[in-house]
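Down below is the structure, laid out as structure tokens.
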Amino acid sequence: MSDDTPISLAFANVKSNQRLAFMPFITAGDPDTTMTQELIRTLSSAGVDLIEVGFPYSDPIADGPVIQASYTRALDSGITVEGILRAIAEAKTDDTPPLVAMVSYAIVFRHGVEKFVTDAKRAGFAGFIIPDLPGAEAAECFELVRSHGLDLVQLVAPTTPRERVQEILKSCSGFVYCVAVAGTTGERTDIADALLDQLRWLREETDLPLAVGFGISKPEHVEPLRELADGVIIGSGIVRHLERLAQGETDQKGTLDAIGELATEMVSATSGD
Amino acid sequence: MPTATATAQVPDQLGRFGPFGRRFVPETLMHALDQLTEEYERAKADPAFQKQLEGLLHTYVGRPSPLYFAERLTKKSGGAQIYLKREDLNHTGAHKINNTIGQTLLTLRMGKKRVIAETGAGQHGVATATACARFGLDCVVYMGEEDIRRQQLNVFNMRTMGAEVRPVTSGSRTLRDAINEAFRDWMGSVEDTHYIIGSVVGAHPFPMIVRDFQAVIGREARQQCLDTVGRLPDEVIACVGGGSNAAGMFYPFIEDEGVTLTGVEAGGRSDQPGDHASPLSYGSPGILHGSYSYVLQDDDGQTLDVHSISAGLDYPGVGPEHSYWKDTGRVQYTTCTDDDALATFQKMARLEGILPAIESSHAVSQAMKSAADRDPNDIVLVCLSGRGDKDVNEVARLTGQEL
């Protein structure tokens with residue numbers, strides 16, 4: 001893929017600076033969309049390269065307890081797709097890094113794929129990760145997303161056999177989301193050798209950037225990936241701070257500071273500083 | 001409006017029943033689903049596998065289950081003759097074991113040592129725990145906290161047979177959340193664990209495999225009807241939650257055009273959202289738990305809470321083949337309220353000396369209505385999918401009695 005989508009430009013920029021991209025994940029609407037807007041500003045100021053925005057879903061089977069609880073909080077507070085798109089459109093500026101929507105196909109389908117993609121593009125999204133639309137199931141959706149000049153990112157799991165990868169890549173653009181561990185999202189302690197092996201052969205299969213997520217939570221996780229990956233994603237490690245906010249252990253400012261600090265550390269770690 | 005004629009030659013390679021079904025699950029699970037599909041195809045073609053399965057169904061489950069003429073129920077209804085397919089007489093008291101025995105044999109073929117399952121009423125959990133005990137497999141059953149309260153007897157039975165029952169405290173704490181937790185477990189354990197899903201729901205190949213293992217119900221009932229009455233029934237009725245006993249009962253009749261097929265959903269308290277569990281009657285097509293099928297959702301695609309007196313029908317989705325049968329018009333779907341199911345539970349006890357599962361009571365209720373409108377020479381065949389021992393606490397509570 002040689003076209004210049006916002007996502008591919010972000011990765012090209014990172015590469016020319018000999019860095020890894022850092023992409024934090026935030027839940028839209030936890031605890032409200034004002035906080036989501038503040039988080040986007042904080043993360044932009046910290047210099048992150050892309051931001052993944054999770055659309056809360058009632059039955060997220062790929063997510064671990066931290067993100068699932070965050071989704072439940074957001075849904076309980078009455079978040080809707082319309083509310084998310086409005087908040088994003090308001091918060092996005094020229095300095096905002098590309099925003100990637102992490103959204104269940106249940107939601108996309110319900111709105112109509114064409115309408116969802118059009119509305120999300122208008123709000124300022126640059127691409128989509130639809131975790132329950134794997135491989136060939138995504139073919140039709142992929143064509144549509146591409147026709148709007150946006151990217152549809154696909155996941156490759158530790159359980160994905162190499163012979164299946166080309167089928168997945170046919171419906172993938174922007175970057176490949178490499179799932180670090182078999183399991184749901186969540187924090188883990190080590191980077192597995194199996195992941196490093198997988199990144200090596202994936203590199204032979206595609207020129208798309210490889211970003212690693214699921215189980216990445218701290219700066220120490222970056223170094224082993226430096227030669228093999230193009231980016232890292234932190235989800236639960238960020239959302240953990242929203243959980244502390246919900247439990248009354250900190251306030252909104254404390255949460256923004258803590259997430260901003262983690263983002264700054266990660267940007268520094270991905271730069272090799 | 002019917003869109004096409006239903007055939008029994010579904011699903012296709014992609015797991016499609018007409019437009020329904022397919023695979024909407026995380027990539028992490030795709031390889032396991034491919035593996036399961038291949039192993040199932042091999043097992044299906046393997047006479048040794050079929051022989052072992054048949055042997056277990058005969059000597060361990062107690063098949064064939066009888067076809068019984070419910071004489072006093074028929075008299076009370078005042079019309080067609082009502083026959084009951086007695087799945088309540090199976091080992092563990094419901095149809096669920098037909099599937100768990102089959103899938104446990106598949107687990108062994110795949111060399112996996114651990115089994116997980118979800119359960120609502122607890123019948124599938126018990127049937128899974130039973131099959132795992134029989135073959136020495138580790139077993140973890142996910143069950144909503146609310147269902148654990150409603151179904152203590154089954155929880156005790158599962159634990160006694162060595163299964164670990166893990167309470168699910170997320171969401172509505174019922175079957176739907178138990179399925180979410182089972183999928184989450186499987187995401188991290190897929191290399192050594194098989195997920196024995198309990199209904200004709202989930203991603204391909206599950207709806208096909210569960211239907212095939214349950215189709216023994218309809219095959220036997222069809223033959224028994226031919227043997228005892230000398231012809232096919234006029235109508236076949238079964239209750240539909242996820243839809244496994246109905247799928248197993250209906251499937252062998254799909255191409256018998258003269259046989260009316262009726263599925264009965266949980267009508268709950270009313271037809272308002274949150275008061276029932278009837279996606280085919282009141283829902284619309286969408287995605288839930290890995291497949292495309294009718295579902296109860298809000299305008300944003302979020303799953304709605306559901307209600308039913310019966311833990312086994314308390315589910316916002318339904319198997320994709322039922323959606324296919326609905327849209328082709330091959331099966332008609334209707335509802336039965338909580339009150340009617342409860343009243344039928346008591347009628348069955350008094351008239352036939354049978355305590356039916358509260359799930360099955362939904363089907364019997366519709367059978368009595370349908371029989372009343374029919375000619376006395378007509379035959380109405382009902383799947384009595386399970387026995388009601390597990391429900392006596394709840395029925396006592398609802399009718400203000402003490403045990």
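As shown in the structure tokens, the chain order sets the letters A, B, ...; within each chain, residues go from 1, and ligands are also counted from 1 in the order they appear.
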Against chain B, which residues of chain A fall within 6 Å? For each one I want the closest pair of atoms and the distance in Å (one decimal), counting only C-alpha atoms, rows by chain and increasing residue number, as JSON lines.
```
{"residue": "A:Ser58", "atom": "CA", "partner": "B:Gln302", "partner_atom": "CA", "distance": 5.5}
{"residue": "A:Ile61", "atom": "CA", "partner": "B:Asn180", "partner_atom": "CA", "distance": 5.4}
{"residue": "A:Ala106", "atom": "CA", "partner": "B:Ile287", "partner_atom": "CA", "distance": 4.7}
{"residue": "A:Ile107", "atom": "CA", "partner": "B:Gly301", "partner_atom": "CA", "distance": 4.5}
{"residue": "A:Arg110", "atom": "CA", "partner": "B:Gly301", "partner_atom": "CA", "distance": 5.2}
{"residue": "A:Pro131", "atom": "CA", "partner": "B:Pro26", "partner_atom": "CA", "distance": 5.4}
{"residue": "A:Asp132", "atom": "CA", "partner": "B:Val25", "partner_atom": "CA", "distance": 4.4}
{"residue": "A:Leu133", "atom": "CA", "partner": "B:Phe24", "partner_atom": "CA", "distance": 5.3}
{"residue": "A:Pro134", "atom": "CA", "partner": "B:Glu27", "partner_atom": "CA", "distance": 5.5}
{"residue": "A:Ala157", "atom": "CA", "partner": "B:Thr28", "partner_atom": "CA", "distance": 5.0}
{"residue": "A:Thr159", "atom": "CA", "partner": "B:Thr28", "partner_atom": "CA", "distance": 5.7}
{"residue": "A:Ala182", "atom": "CA", "partner": "B:Gly188", "partner_atom": "CA", "distance": 4.9}
{"residue": "A:Gly183", "atom": "CA", "partner": "B:Gly188", "partner_atom": "CA", "distance": 3.5}
```
Selection near stretch 243-250 of chain A, 8 Å with only C-alpha atoms, sequence-local residues under 6 positions removed, as number ranges by chain: A: 31, 66, 70
Nearby residues (only C-alpha atoms) at most 12 Å from A:Leu196, same-chain spacing under 5 positions excluded, as JSON, numbers by chain: {"A": [158, 178, 179, 180, 181, 190, 191, 201, 202, 203, 210, 212, 223, 224, 225, 226, 227, 228, 229]}
Keeping only C-alpha atoms, take the residues you just selected and write them out as a PDB file, in the first residue's frame.
```
ATOM      1  CA  PRO A 158      -0.576 -15.687  17.874  1.00  0.00           C
ATOM      2  CA  CYS A 178      -0.317  -7.798  15.909  1.00  0.00           C
ATOM      3  CA  VAL A 179      -1.956  -9.377  18.934  1.00  0.00           C
ATOM      4  CA  ALA A 180       0.891 -10.103  21.359  1.00  0.00           C
ATOM      5  CA  VAL A 181      -0.797 -12.865  23.345  1.00  0.00           C
ATOM      6  CA  ASP A 190       6.730 -10.362  29.433  1.00  0.00           C
ATOM      7  CA  ILE A 191       7.109 -10.224  25.680  1.00  0.00           C
ATOM      8  CA  TRP A 201       7.827 -13.891   9.375  1.00  0.00           C
ATOM      9  CA  LEU A 202       5.121 -11.242   9.143  1.00  0.00           C
ATOM     10  CA  ARG A 203       7.793  -8.833   7.990  1.00  0.00           C
ATOM     11  CA  LEU A 210       3.392  -3.823  12.241  1.00  0.00           C
ATOM     12  CA  VAL A 212       1.856  -4.681  18.609  1.00  0.00           C
ATOM     13  CA  GLU A 223      12.950  -2.326  23.589  1.00  0.00           C
ATOM     14  CA  PRO A 224      12.586  -6.020  22.623  1.00  0.00           C
ATOM     15  CA  LEU A 225      10.268  -4.932  19.791  1.00  0.00           C
ATOM     16  CA  ARG A 226      12.428  -2.159  18.389  1.00  0.00           C
ATOM     17  CA  GLU A 227      13.999  -4.078  15.506  1.00  0.00           C
ATOM     18  CA  LEU A 228      10.877  -6.036  14.588  1.00  0.00           C
ATOM     19  CA  ALA A 229       7.829  -3.805  15.013  1.00  0.00           C
TER      20      ALA A 229
END
```
Separation of atom CA of B:His91 from atom CA of B:Gly198 in Å: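 About the pair atom CA of B:Gly198 and atom CA of B:His91: they are 16.1 Å apart.
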Nearby residues (only C-alpha atoms) at most 9 Å from A:Leu75, same-chain spacing under 3 positions excluded, as number ranges by chain: A: 29-30, 56-58, 70-72, 78-80
Please produce a file of the residues just selected, as a short mmCIF file (atom, residue, chain, number, x, y, z; two decimals), in the first residue's frame, where the atoms kept are C-alpha atoms.
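Below is the file that was written, out26.cif:
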```
data_model
loop_
_atom_site.label_atom_id
_atom_site.label_comp_id
_atom_site.auth_asym_id
_atom_site.auth_seq_id
_atom_site.Cartn_x
_atom_site.Cartn_y
_atom_site.Cartn_z
CA GLY A 29 -17.45 8.30 26.99
CA ASP A 30 -15.77 6.96 30.15
CA PRO A 56 -18.28 0.97 24.02
CA TYR A 57 -20.13 -2.26 23.24
CA SER A 58 -22.39 -4.33 25.46
CA SER A 70 -14.83 0.80 31.12
CA TYR A 71 -17.32 0.07 28.31
CA THR A 72 -19.98 -0.75 30.88
CA GLY A 78 -25.70 6.89 28.26
CA ILE A 79 -23.00 7.14 25.58
CA THR A 80 -24.19 6.74 21.98
#
```
7 Å contact set for stretch 44-46 of chain A, only C-alpha atoms, chain neighbours under 4 positions out, as a ChimeraX atom specification: /A:40,96-97,260,263-264
Test item: residues at most 9 Å from A:Ile233, only C-alpha atoms, excluding those fewer than 2 positions along its chain, as a list of chain:residue names: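 Those residues are A:Ala21, A:Phe22, A:Met23, A:Pro24, A:Phe25, A:Glu52, A:Tyr177, A:Ala211, A:Val212, A:Gly213, A:Phe214, A:Gly215, A:Ile216, A:Ser217, A:Gly231, A:Gly235.
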Requested write-out: N, CA and C atoms of the selected residues, as a PDB file, in the first residue's frame:
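File part-v4.pdb, as written:
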```pdb
ATOM      1  N   ALA A  21       6.084   3.926  16.411  1.00  0.00           N
ATOM      2  CA  ALA A  21       4.875   4.701  16.683  1.00  0.00           C
ATOM      3  C   ALA A  21       4.307   4.289  18.040  1.00  0.00           C
ATOM      4  N   PHE A  22       3.755   5.257  18.762  1.00  0.00           N
ATOM      5  CA  PHE A  22       3.038   4.927  19.994  1.00  0.00           C
ATOM      6  C   PHE A  22       1.572   5.308  19.828  1.00  0.00           C
ATOM      7  N   MET A  23       0.705   4.321  20.085  1.00  0.00           N
ATOM      8  CA  MET A  23      -0.730   4.520  19.916  1.00  0.00           C
ATOM      9  C   MET A  23      -1.469   4.129  21.191  1.00  0.00           C
ATOM     10  N   PRO A  24      -1.899   5.095  21.989  1.00  0.00           N
ATOM     11  CA  PRO A  24      -2.705   4.757  23.167  1.00  0.00           C
ATOM     12  C   PRO A  24      -4.153   4.507  22.772  1.00  0.00           C
ATOM     13  N   PHE A  25      -4.826   3.714  23.606  1.00  0.00           N
ATOM     14  CA  PHE A  25      -6.263   3.425  23.421  1.00  0.00           C
ATOM     15  C   PHE A  25      -7.034   4.121  24.528  1.00  0.00           C
ATOM     16  N   GLU A  52      -6.195   5.412  19.404  1.00  0.00           N
ATOM     17  CA  GLU A  52      -7.257   4.445  19.141  1.00  0.00           C
ATOM     18  C   GLU A  52      -8.429   4.784  20.057  1.00  0.00           C
ATOM     19  N   TYR A 177      -2.372  -4.986  12.995  1.00  0.00           N
ATOM     20  CA  TYR A 177      -2.450  -5.002  14.459  1.00  0.00           C
ATOM     21  C   TYR A 177      -2.026  -6.399  14.912  1.00  0.00           C
ATOM     22  N   ALA A 211       2.108  -3.093  14.163  1.00  0.00           N
ATOM     23  CA  ALA A 211       1.935  -2.498  15.495  1.00  0.00           C
ATOM     24  C   ALA A 211       1.490  -3.590  16.467  1.00  0.00           C
ATOM     25  N   VAL A 212       2.108  -3.613  17.643  1.00  0.00           N
ATOM     26  CA  VAL A 212       1.856  -4.681  18.609  1.00  0.00           C
ATOM     27  C   VAL A 212       0.965  -4.182  19.743  1.00  0.00           C
ATOM     28  N   GLY A 213      -0.090  -4.910  20.012  1.00  0.00           N
ATOM     29  CA  GLY A 213      -0.989  -4.570  21.115  1.00  0.00           C
ATOM     30  C   GLY A 213      -1.449  -5.812  21.844  1.00  0.00           C
ATOM     31  N   PHE A 214      -2.264  -5.661  22.874  1.00  0.00           N
ATOM     32  CA  PHE A 214      -2.711  -6.724  23.789  1.00  0.00           C
ATOM     33  C   PHE A 214      -1.509  -7.124  24.650  1.00  0.00           C
ATOM     34  N   GLY A 215      -1.494  -6.724  25.878  1.00  0.00           N
ATOM     35  CA  GLY A 215      -0.417  -7.152  26.761  1.00  0.00           C
ATOM     36  C   GLY A 215       0.756  -6.188  26.838  1.00  0.00           C
ATOM     37  N   ILE A 216       0.693  -5.077  26.082  1.00  0.00           N
ATOM     38  CA  ILE A 216       1.740  -4.057  26.192  1.00  0.00           C
ATOM     39  C   ILE A 216       1.261  -3.015  27.202  1.00  0.00           C
ATOM     40  N   SER A 217       2.076  -2.705  28.199  1.00  0.00           N
ATOM     41  CA  SER A 217       1.583  -1.752  29.196  1.00  0.00           C
ATOM     42  C   SER A 217       2.620  -0.758  29.693  1.00  0.00           C
ATOM     43  N   GLY A 231       5.336  -0.159  15.694  1.00  0.00           N
ATOM     44  CA  GLY A 231       4.552   0.607  16.640  1.00  0.00           C
ATOM     45  C   GLY A 231       4.064  -0.249  17.791  1.00  0.00           C
ATOM     46  N   GLY A 235      -3.580  -0.307  25.775  1.00  0.00           N
ATOM     47  CA  GLY A 235      -5.006  -0.144  26.028  1.00  0.00           C
ATOM     48  C   GLY A 235      -5.322  -0.148  27.505  1.00  0.00           C
TER      49      GLY A 235
END
```
Exercise: stretch 100-105 of chain A partners within 6 Å, only C-alpha atoms, chain neighbours under 5 positions left out, as a list in words: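 Neighbouring residues, sequence-local ones excluded: Glu52, Val53, Gly54, Phe55, Phe125, Ala126, Gly127, Phe128, Ile129 and Ile130 of chain A.
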Picked from stretch 118-174 of chain A by DSSP as alpha helix (DSSP H), as a ChimeraX atom specification: /A:118-123,139-147,162-169
Backbone-only DSSP, strand (DSSP E or B) members of stretch 143-231 of chain A, as a list in words: Asp151, Leu152, Val153, Gln154, Leu155, Val156, Val176, Tyr177, Cys178, Val179, Glu187, Leu210, Ala211, Val212, Gly213, Gly215 and Gly231 of chain A
